[in-house]
file data.txt (compact mmCIF, C-alpha atoms)
# COMPACT_ATOMS: atom_id res chain seq x y z
CA MET R 25 54.36 -0.75 47.07
CA GLN R 26 54.93 -1.15 43.33
CA SER R 27 58.32 -1.99 41.86
CA ILE R 28 59.74 -0.88 38.50
CA SER R 29 58.80 -3.12 35.58
CA ASP R 30 58.08 -2.87 31.85
CA ASP R 31 54.41 -2.28 32.68
CA LEU R 32 54.93 0.76 34.94
CA LEU R 33 56.41 4.25 34.80
CA ALA R 34 58.97 5.64 37.25
CA SER R 35 60.15 9.07 38.30
CA ILE R 36 63.92 8.88 38.78
CA THR R 37 66.61 11.40 39.65
CA PHE R 38 69.86 10.56 37.90
CA GLN R 39 73.12 11.85 39.36
CA LEU R 40 76.30 12.11 37.33
CA GLU R 41 79.60 12.44 39.19
CA TRP R 42 83.00 13.02 37.60
CA ASP R 43 86.36 14.61 38.30
CA LYS R 44 88.64 16.67 36.12
CA ASN R 45 91.63 18.90 36.89
CA ALA R 46 91.21 18.16 40.63
CA ILE R 47 87.67 19.59 40.56
CA ARG R 48 84.59 17.57 41.52
CA PHE R 49 81.47 17.83 39.36
CA THR R 50 77.95 16.68 40.25
CA ASP R 51 75.09 16.97 37.75
CA LEU R 52 71.52 15.93 38.57
CA LEU R 53 68.67 15.33 36.15
CA HIS R 54 65.10 14.61 37.20
CA ALA R 55 63.46 12.16 34.78
CA PRO R 56 59.67 12.26 35.35
CA ARG R 57 58.59 9.37 33.10
CA VAL R 58 61.08 6.55 32.77
CA ASN R 59 59.73 3.61 30.80
CA LEU R 60 62.02 0.58 31.03
CA TRP R 61 60.21 -1.17 28.21
CA ARG R 62 60.73 1.65 25.70
CA ASP R 63 63.43 4.06 26.92
CA LEU R 64 67.17 3.63 26.46
CA LEU R 65 69.42 2.99 29.48
CA ARG R 66 72.91 1.49 29.45
CA GLU R 67 73.48 -1.84 31.12
CA PRO R 68 74.01 -2.69 33.92
CA LEU R 69 72.02 0.38 35.06
CA LYS R 70 68.81 -0.75 33.38
CA GLU R 71 69.11 -4.26 34.80
CA GLN R 72 69.72 -2.94 38.30
CA LEU R 73 66.71 -0.61 38.18
CA ALA R 74 64.28 -3.42 37.36
CA GLY R 75 62.35 -4.43 40.47
CA ARG R 76 63.36 -1.36 42.48
CA ARG R 77 60.85 0.52 44.64
CA THR R 78 60.35 4.11 45.74
CA GLY R 79 63.36 5.28 47.74
CA ASP R 80 65.78 2.72 46.30
CA LYS R 81 69.13 3.82 44.84
CA VAL R 82 71.50 2.11 42.44
CA VAL R 83 75.04 3.22 41.55
CA VAL R 84 77.10 2.24 38.50
CA THR R 85 80.56 3.47 37.47
CA PHE R 86 81.15 3.46 33.72
CA PRO R 87 84.65 3.43 32.19
CA PRO R 88 85.65 6.31 29.86
CA GLY R 89 83.67 6.35 26.64
CA ARG R 90 81.08 3.77 27.69
CA VAL R 91 78.29 6.35 27.95
CA THR R 92 79.51 9.13 25.66
CA GLY R 93 81.34 7.11 23.01
CA GLY R 94 85.08 6.72 22.52
CA ARG R 95 87.35 9.50 21.38
CA SER R 96 87.89 9.74 17.62
CA ALA R 97 90.61 11.67 15.81
CA GLY R 98 88.17 11.89 12.91
CA LYS R 99 86.00 14.28 14.95
CA VAL R 100 88.76 16.89 15.18
CA TYR R 101 89.19 19.35 12.31
CA ARG R 102 91.78 22.05 11.66
CA LEU R 103 90.23 24.74 9.47
CA PRO R 104 91.17 28.17 8.14
CA ARG R 105 89.85 30.96 10.36
CA ARG R 106 88.02 32.42 7.38
CA ARG R 107 85.65 29.43 7.48
CA VAL R 108 84.22 30.60 10.81
CA GLU R 109 81.15 32.74 10.15
CA GLY R 110 78.21 33.63 12.34
CA SER R 111 77.09 35.66 15.34
CA LEU R 112 76.53 35.11 19.06
CA ASN R 113 73.34 35.77 21.06
CA SER R 114 74.60 39.31 21.66
CA GLY R 115 74.80 39.90 17.91
CA GLU R 116 78.59 40.04 18.02
CA THR R 117 80.51 38.24 15.27
CA VAL R 118 81.97 34.91 16.39
CA ILE R 119 85.66 35.21 17.22
CA PRO R 120 86.80 31.71 18.27
CA ARG R 121 88.41 31.56 21.71
CA TYR R 122 90.41 28.76 23.31
CA GLY R 123 88.31 26.30 25.31
CA ARG R 124 84.95 27.80 24.32
CA PHE R 125 82.05 25.87 22.76
CA TYR R 126 80.23 26.94 19.60
CA PRO R 127 77.43 25.52 17.42
CA ALA R 128 78.67 23.69 14.33
CA GLY R 129 76.60 26.03 12.15
CA VAL R 130 79.30 28.73 12.39
CA LEU R 131 81.71 26.50 10.43
CA ARG R 132 81.72 26.42 6.65
CA GLY R 133 82.79 23.57 4.40
CA LEU R 134 82.36 20.57 6.74
CA PRO R 135 80.36 17.61 5.38
CA GLY R 136 76.90 17.30 6.91
CA ILE R 137 77.10 20.70 8.65
CA PHE R 138 74.57 23.38 7.71
CA ARG R 139 74.11 26.94 8.97
CA GLY R 140 71.43 26.04 11.50
CA SER R 141 73.35 23.12 13.04
CA VAL R 142 73.58 23.33 16.84
CA ILE R 143 75.90 20.33 17.35
CA PRO R 144 78.53 21.68 19.76
CA PHE R 145 82.25 21.73 19.11
CA ARG R 146 85.08 22.98 21.30
CA CYS R 147 87.80 25.31 20.11
CA VAL R 148 90.91 23.43 21.27
CA ASP R 149 93.47 25.50 19.38
CA VAL R 150 93.34 28.80 17.56
CA ASP R 151 95.77 31.28 16.01
CA ASP R 152 95.57 34.09 13.49
CA ASN R 153 95.14 31.69 10.58
CA THR R 154 93.53 28.46 11.78
CA ILE R 155 91.11 26.96 14.31
CA MET R 156 90.96 23.39 15.61
CA ALA R 157 87.38 22.23 16.22
CA ASP R 158 86.86 19.17 18.42
CA PHE R 159 83.47 17.45 18.11
CA ASN R 160 84.25 14.70 20.64
CA HIS R 161 82.09 14.69 23.75
CA PRO R 162 83.96 16.57 26.52
CA LEU R 163 83.47 13.64 28.93
CA THR R 164 84.77 10.99 26.53
CA GLU R 165 87.98 10.34 28.48
CA VAL R 166 86.48 10.61 31.99
CA PRO R 167 85.12 7.75 34.16
CA LEU R 168 81.49 8.50 35.06
CA THR R 169 79.65 7.42 38.18
CA ILE R 170 75.89 7.44 37.66
CA SER R 171 73.40 6.89 40.44
CA ALA R 172 69.64 6.63 40.13
CA VAL R 173 67.20 7.34 42.97
CA VAL R 174 63.65 6.05 42.47
CA GLU R 175 61.22 8.76 43.54
CA GLU R 176 57.95 7.20 42.43
CA VAL R 177 56.59 4.13 40.62
CA ARG R 178 53.14 4.43 39.05
CA ASP R 179 50.77 3.10 36.40
CA LYS R 180 51.18 4.03 32.74
CA PHE R 181 48.02 6.12 32.48
CA GLU R 182 50.32 9.12 31.76
CA GLU R 183 52.19 7.46 28.90
CA ARG R 184 52.38 9.63 25.80
CA GLY R 185 52.40 7.87 22.42
CA GLY R 186 55.44 5.96 21.24
CA THR R 187 58.21 8.33 22.26
CA CYS R 188 61.57 6.90 23.32
CA GLN R 189 64.03 8.71 25.57
CA ASP R 190 67.76 8.06 25.95
CA TRP R 191 68.10 9.25 29.55
CA LEU R 192 71.87 8.93 29.83
CA GLU R 193 72.34 10.91 26.65
CA THR R 194 70.13 13.62 28.17
CA LEU R 195 72.03 13.42 31.46
CA THR R 196 75.38 13.92 29.72
CA THR R 197 74.26 16.68 27.34
CA GLY R 198 75.83 19.83 28.75
CA PRO R 199 77.99 18.37 31.52
CA GLY R 200 81.64 18.59 30.52
CA PHE R 201 81.31 22.14 29.21
CA GLN R 202 82.27 23.44 32.70
CA ALA R 203 85.76 21.94 32.78
CA ARG R 204 89.00 23.29 31.37
CA ILE R 205 90.67 21.34 28.59
CA ASN R 206 94.32 20.33 28.98
CA GLY R 207 94.35 22.13 32.34
CA ARG R 208 94.59 25.51 30.60
CA SER R 209 92.32 28.46 31.41
CA THR R 210 89.34 28.85 29.11
CA ASP R 211 89.52 32.14 27.24
CA PHE R 212 86.43 33.78 28.76
CA LEU R 213 87.73 37.15 29.93
CA VAL R 214 88.44 38.74 26.57
CA PRO R 215 88.12 42.50 25.94
CA GLY R 216 84.50 43.56 26.36
CA ALA R 217 83.39 40.35 28.09
CA LEU R 218 82.54 42.18 31.33
CA ASP R 219 80.79 45.12 29.65
CA ARG R 220 77.04 45.57 30.10
CA GLU R 221 74.24 46.85 27.93
CA ASP R 222 73.20 49.24 30.71
CA SER R 223 76.32 50.83 32.16
CA VAL R 224 74.43 53.39 34.30
CA ASP R 225 75.48 53.28 37.95
CA ASP R 226 73.77 50.35 39.70
CA THR R 227 72.55 52.55 42.54
CA VAL R 228 70.22 54.20 40.00
CA PHE R 229 68.85 50.85 38.81
CA TYR R 230 68.26 49.72 42.40
CA GLN R 231 66.70 52.94 43.70
CA GLN R 232 63.37 51.16 43.79
CA PRO R 233 63.09 47.94 45.82
CA ARG R 234 62.28 44.77 43.91
CA MET R 235 60.48 42.42 46.28
CA VAL R 236 60.28 39.60 43.74
CA GLN R 237 61.65 36.08 43.52
CA HIS R 238 64.19 35.66 40.73
CA ILE R 239 63.73 31.87 40.48
CA ASP R 240 60.74 29.60 41.09
CA ASP R 241 59.94 27.90 44.39
CA ALA R 242 61.39 24.53 43.38
CA ALA R 243 64.70 26.16 42.45
CA ILE R 244 64.65 28.17 45.69
CA ALA R 245 64.19 24.92 47.64
CA ALA R 246 67.18 23.43 45.82
CA VAL R 247 69.33 26.47 46.62
CA THR R 248 68.24 26.33 50.27
CA ASP R 249 69.13 22.64 50.41
CA LEU R 250 72.59 23.40 49.00
CA TYR R 251 73.12 25.98 51.73
CA ARG R 252 71.83 23.49 54.29
CA ARG R 253 74.60 21.11 53.29
CA ARG R 254 77.32 23.76 52.99
CA LEU R 255 76.69 25.89 56.11
CA SER R 256 77.16 24.92 59.75
CA PRO R 257 75.04 26.00 62.73
CA GLY R 258 76.60 28.93 64.55
CA ALA R 259 78.57 30.09 61.50
CA ARG R 260 79.25 33.72 60.69
CA VAL R 261 77.78 34.21 57.21
CA LEU R 262 78.09 36.98 54.64
CA ASP R 263 75.20 37.17 52.16
CA LEU R 264 76.86 38.90 49.21
CA MET R 265 74.61 40.94 46.90
CA SER R 266 71.76 40.32 49.31
CA SER R 267 68.14 41.40 49.03
CA TRP R 268 64.86 40.89 50.91
CA THR R 269 65.42 37.13 51.25
CA SER R 270 68.55 35.01 51.71
CA HIS R 271 67.19 31.50 50.99
CA LEU R 272 68.97 30.22 54.11
CA PRO R 273 67.64 27.08 55.84
CA PRO R 274 65.07 28.32 58.39
CA GLU R 275 65.95 25.64 60.95
CA ILE R 276 69.66 26.58 61.18
CA ASP R 277 70.71 29.35 63.58
CA PHE R 278 73.78 31.38 62.70
CA THR R 279 75.89 33.57 64.96
CA GLU R 280 75.78 36.32 62.35
CA VAL R 281 74.31 36.93 58.91
CA ALA R 282 75.63 40.13 57.36
CA GLY R 283 73.86 41.25 54.19
CA LEU R 284 75.56 43.44 51.60
CA GLY R 285 73.31 44.77 48.88
CA LEU R 286 72.22 47.82 46.90
CA ASN R 287 68.78 48.68 48.29
CA ALA R 288 68.28 49.58 51.96
CA GLU R 289 64.55 48.82 51.89
CA GLU R 290 65.14 45.30 50.51
CA LEU R 291 67.78 44.61 53.15
CA ALA R 292 65.53 45.94 55.93
CA ALA R 293 62.82 43.49 54.87
CA ASN R 294 65.17 40.48 55.21
CA PRO R 295 64.53 38.90 58.63
CA ARG R 296 67.66 36.69 58.54
CA LEU R 297 70.10 39.59 58.51
CA SER R 298 71.83 40.73 61.70
CA GLN R 299 73.75 43.47 59.84
CA ARG R 300 72.77 45.39 56.72
CA VAL R 301 75.31 47.18 54.51
CA VAL R 302 74.45 49.15 51.37
CA HIS R 303 77.48 48.94 49.09
CA ASP R 304 77.99 48.90 45.30
CA LEU R 305 80.61 46.27 44.44
CA ASN R 306 80.79 47.43 40.85
CA THR R 307 81.88 50.87 42.02
CA ASP R 308 84.15 49.66 44.83
CA PRO R 309 85.01 45.92 44.96
CA ARG R 310 86.52 46.20 48.44
CA LEU R 311 84.39 44.55 51.11
CA PRO R 312 83.88 46.71 54.23
CA PHE R 313 84.69 43.85 56.62
CA GLU R 314 87.80 42.82 58.50
CA THR R 315 90.05 39.99 57.32
CA GLY R 316 88.96 36.47 58.31
CA ARG R 317 85.65 37.56 59.79
CA PHE R 318 83.32 35.01 58.15
CA ASP R 319 83.00 31.23 58.15
CA ALA R 320 80.97 31.26 54.96
CA VAL R 321 80.00 33.58 52.12
CA ILE R 322 77.03 33.01 49.81
CA CYS R 323 76.12 34.76 46.56
CA THR R 324 72.67 33.89 45.21
CA VAL R 325 71.58 34.47 41.58
CA SER R 326 73.73 37.60 41.29
CA VAL R 327 77.23 36.67 40.12
CA GLU R 328 76.35 37.53 36.52
CA TYR R 329 76.17 41.25 37.43
CA LEU R 330 79.77 41.59 38.66
CA THR R 331 81.94 43.75 36.41
CA ASP R 332 85.17 43.16 38.37
CA PRO R 333 84.67 39.57 39.55
CA LEU R 334 88.34 38.69 40.03
CA ALA R 335 88.85 41.55 42.49
CA ILE R 336 85.66 40.67 44.36
CA PHE R 337 86.54 36.97 44.62
CA ASN R 338 89.92 38.02 46.03
CA GLU R 339 88.08 40.17 48.57
CA VAL R 340 85.81 37.26 49.50
CA ALA R 341 88.92 35.16 50.12
CA ARG R 342 90.27 37.92 52.37
CA VAL R 343 87.18 38.13 54.60
CA LEU R 344 86.87 34.33 54.88
CA ARG R 345 88.73 32.47 57.59
CA PRO R 346 91.02 29.64 56.39
CA GLY R 347 88.76 26.71 55.52
CA GLY R 348 85.74 28.98 55.16
CA VAL R 349 83.43 28.20 52.23
CA PHE R 350 82.28 30.46 49.39
CA THR R 351 79.15 29.18 47.57
CA VAL R 352 77.84 30.82 44.39
CA THR R 353 74.43 29.82 43.01
CA PHE R 354 72.73 30.94 39.80
CA SER R 355 70.14 29.95 37.22
CA ASN R 356 69.10 30.97 33.70
CA ARG R 357 67.04 34.04 34.60
CA TRP R 358 68.55 37.50 35.07
CA PHE R 359 68.11 41.22 34.38
CA ALA R 360 69.62 41.21 30.89
CA PRO R 361 70.68 44.89 30.66
CA LYS R 362 72.69 44.59 33.89
CA ALA R 363 74.35 41.22 33.23
CA ILE R 364 77.86 41.12 31.82
CA ARG R 365 77.93 40.61 28.06
CA ILE R 366 79.60 37.20 28.04
CA TRP R 367 76.91 35.67 30.30
CA SER R 368 74.30 35.56 27.56
CA GLU R 369 76.86 34.34 25.00
CA LEU R 370 77.66 31.17 26.95
CA HIS R 371 75.96 27.79 26.96
CA GLU R 372 74.34 27.36 30.38
CA PHE R 373 76.91 24.69 31.28
CA GLU R 374 79.77 27.00 30.31
CA ARG R 375 78.66 29.50 32.97
CA PRO R 376 79.85 27.29 35.85
CA GLY R 377 83.15 27.13 33.97
CA LEU R 378 83.33 30.93 33.97
CA VAL R 379 82.64 31.05 37.71
CA LEU R 380 85.26 28.34 38.27
CA GLU R 381 87.77 30.59 36.50
CA TYR R 382 86.93 33.31 39.03
CA PHE R 383 87.69 30.86 41.85
CA LEU R 384 90.89 29.59 40.22
CA HIS R 385 92.37 32.92 39.24
CA GLY R 386 93.69 34.06 42.63
CA LYS R 387 94.67 30.57 43.84
CA ALA R 388 92.99 31.35 47.18
CA PHE R 389 90.47 28.49 47.04
CA LYS R 390 90.71 24.71 47.15
CA ASN R 391 88.29 21.74 47.15
CA LEU R 392 86.38 23.22 44.22
CA HIS R 393 83.04 21.66 43.30
CA ALA R 394 80.54 22.47 40.54
CA PHE R 395 76.89 21.36 40.71
CA SER R 396 73.82 21.40 38.49
CA LEU R 397 70.18 20.35 38.87
CA ARG R 398 67.73 20.17 35.96
CA GLY R 399 64.30 18.79 35.19
CA ARG R 400 62.35 19.27 38.43
CA PRO R 401 58.67 20.09 37.86
CA ARG R 402 57.83 23.80 38.02
CA PRO R 403 55.36 24.68 40.81
CA GLU R 404 51.88 25.32 39.43
CA ASN R 405 51.73 28.70 41.22
CA ASP R 406 54.74 30.01 39.29
CA LYS R 407 53.92 32.73 36.76
CA TYR R 408 55.79 30.86 34.03
CA TYR R 409 54.01 27.53 34.62
CA GLY R 410 51.85 27.93 31.50
CA GLN R 411 54.94 28.47 29.34
CA ASN R 412 57.30 25.91 30.85
CA ARG R 413 56.42 23.00 33.14
CA VAL R 414 60.09 22.43 34.08
CA SER R 415 61.59 24.29 37.03
CA ASP R 416 64.42 26.78 36.64
CA PRO R 417 67.76 24.93 36.60
CA VAL R 418 70.12 25.47 39.51
CA PHE R 419 73.87 25.78 39.11
CA ALA R 420 76.41 26.21 41.88
CA VAL R 421 80.15 26.46 42.38
CA TRP R 422 81.85 26.39 45.76
CA GLY R 423 85.29 26.16 47.25
CA SER R 424 87.03 26.55 50.60
CA ARG R 425 89.55 29.19 51.56
CA VAL R 426 93.16 27.95 51.42
call {"tool": "encode", "arguments": {"input": "data.txt", "output": "structure tokens"}}
result
Amino acid sequence: MQSISDDLLASITFQLEWDKNAIRFTDLLHAPRVNLWRDLLREPLKEQLAGRRTGDKVVVTFPPGRVTGGRSAGKVYRLPRRRVEGSLNSGETVIPRYGRFYPAGVLRGLPGIFRGSVIPFRCVDVDDNTIMADFNHPLTEVPLTISAVVEEVRDKFEERGGTCQDWLETLTTGPGFQARINGRSTDFLVPGALDREDSVDDTVFYQQPRMVQHIDDAAIAAVTDLYRRRLSPGARVLDLMSSWTSHLPPEIDFTEVAGLGLNAEELAANPRLSQRVVHDLNTDPRLPFETGRFDAVICTVSVEYLTDPLAIFNEVARVLRPGGVFTVTFSNRWFAPKAIRIWSELHEFERPGLVLEYFLHGKAFKNLHAFSLRGRPRPENDKYYGQNRVSDPVFAVWGSRV
């Protein structure tokens, strides 16, 4: 068995773990071609990886600022509101909101910043006249634990030119956007945020069954593995916004799996369901189940369609027993006309922050955890393989009922 050296390539999964505001965050990045001779890795991580073999794992905890750089007051600017110009993905004019991230290109009059600049800044204060833009990395003041699992060591016949990759910079690009700043709610739920392009009743949209997968097979496997680790054998499970498949681990038997969805034919085709309920949550957020009935609730690649999420999360808390777990998973693919407006306006790492706000709002959940997985290879049988060789990312947020 080969061991990592300057003369070989390695496939490594990096895991970033950090805590903020009593919430645990775990972010995984699959790195398919790590070259110790050329790529950048902080010490002592690089030193510890040398000589490792397939299956080995190393863990290093870095003090605040060691990976992301120290905090600098010179990266914080207070500007007149009139110097914010630009539009969001939806076409709406940028109106800065507390805690949100924006590309630097919407700011005018800062040295080195041009209209196309995508360097992110966070709005850390805003009033009618001014905005405070913070360009410091959101993880600057947080200790980071980084682990690396060696998945494969191989010859360099795949090496491509003289490219150099900073893997820890890639790992920490995006993570941090999910967390509140100063413990204060991020200003997501502004007027119009939960509107949709297509406001026609959902029962019309879902009249026809859609027996399709909404994420690729690698992402499905990751979602199934999350459920494997979150759900216990014999549990009573509610599959919220269910369809023809639930992505539940096939080897685990549950006492009950109730599926609530919008299309009777899709639900009938789902072999894991012991009960099937057709119910439109956007018309009536009340769940037709008794209080404390379920040990676990899952919601798979559907949370972006909820137009009254706070009421529905309160209902989920009601039907969960104390200690029961609610797990929400999602990716970066959705039916755009039916998704809430703010979903497309957010950076993909802000979306877990939005879902965390849903969990936090009613104070009915504890032990909150946010998760991400990026960089896995896309299966060759996926219809998007020719366009993108990287699998759909997987994001998840979960918490237990108080």
call {"tool": "closest_atom_pairs", "arguments": {"input": "data.txt", "of": "region 149-250 of chain R", "to": "region 332-344 of chain R", "cutoff": "12 Å", "atoms": "all atoms listed in the file", "output": "Markdown table"}}
result
| residue | atom | partner | partner_atom | distance |
| --- | --- | --- | --- | --- |
| R:Leu213 | CA | R:Leu334 | CA | 10.2 |
| R:Ala217 | CA | R:Asp332 | CA | 10.8 |
| R:Leu218 | CA | R:Asp332 | CA | 7.6 |
| R:Asp219 | CA | R:Asp332 | CA | 10.0 |
| R:Arg220 | CA | R:Asp332 | CA | 11.8 |
call {"tool": "write_last_selection", "arguments": {"input": "data.txt", "atoms": "C-alpha atoms", "output": "PDB file, in the frame of the given file"}}
result
ATOM      1  CA  LEU R 213      87.730  37.150  29.930  1.00  0.00           C
ATOM      2  CA  ALA R 217      83.390  40.350  28.090  1.00  0.00           C
ATOM      3  CA  LEU R 218      82.540  42.180  31.330  1.00  0.00           C
ATOM      4  CA  ASP R 219      80.790  45.120  29.650  1.00  0.00           C
ATOM      5  CA  ARG R 220      77.040  45.570  30.100  1.00  0.00           C
TER       6      ARG R 220
END
call {"tool": "residues_near_point", "arguments": {"input": "data.txt", "point": "(71.4, 43.3, 57.1)", "cutoff": "10 Å", "atoms": "all atoms listed in the file", "output": "PyMOL selection string"}}
result
chain R and resi 262-263+266-268+280-285+288+290-302
call {"tool": "residues_around", "arguments": {"input": "data.txt", "residues": "region 348-351 of chain R", "least_positions_apart": "4", "cutoff": "6 Å", "atoms": "all atoms listed in the file", "output": "number ranges by chain"}}
result
R: 319-322, 344, 421-425
call {"tool": "closest_residue", "arguments": {"input": "data.txt", "among": "R:Leu163, R:Ile47, R:Val236, R:Leu40", "to": "Asn391 (chain R)", "atoms": "all atoms listed in the file"}}
result
R:Ile47
call {"tool": "axis_aligned_box", "arguments": {"input": "data.txt", "around": "region 47-61 of chain R", "padding_each_side": "6 Å", "output": "JSON"}}
result
{"center_x": 73.1, "center_y": 9.2, "center_z": 34.9, "size_x": 41.1, "size_y": 32.8, "size_z": 25.3}
call {"tool": "residues_around", "arguments": {"input": "data.txt", "residues": "region 127-141 of chain R", "least_positions_apart": "5", "cutoff": "8 Å", "atoms": "only C-alpha atoms", "output": "count of residues only"}}
result
6
call {"tool": "residues_around", "arguments": {"input": "data.txt", "residues": "region 409-416 of chain R", "least_positions_apart": "4", "cutoff": "6 Å", "atoms": "only C-alpha atoms", "output": "PDB file with C-alpha atoms, in the coordinates of the input"}}
result
ATOM      1  CA  ALA R 243      64.700  26.160  42.450  1.00  0.00           C
ATOM      2  CA  GLY R 399      64.300  18.790  35.190  1.00  0.00           C
ATOM      3  CA  ARG R 400      62.350  19.270  38.430  1.00  0.00           C
ATOM      4  CA  PRO R 401      58.670  20.090  37.860  1.00  0.00           C
ATOM      5  CA  ARG R 402      57.830  23.800  38.020  1.00  0.00           C
ATOM      6  CA  GLU R 404      51.880  25.320  39.430  1.00  0.00           C
TER       7      GLU R 404
END
call {"tool": "closest_residue", "arguments": {"input": "data.txt", "among": "R:Val150, R:Lys70, R:Arg253, R:Asp80", "to": "Pro104 (chain R)", "atoms": "all atoms listed in the file"}}
result
R:Val150
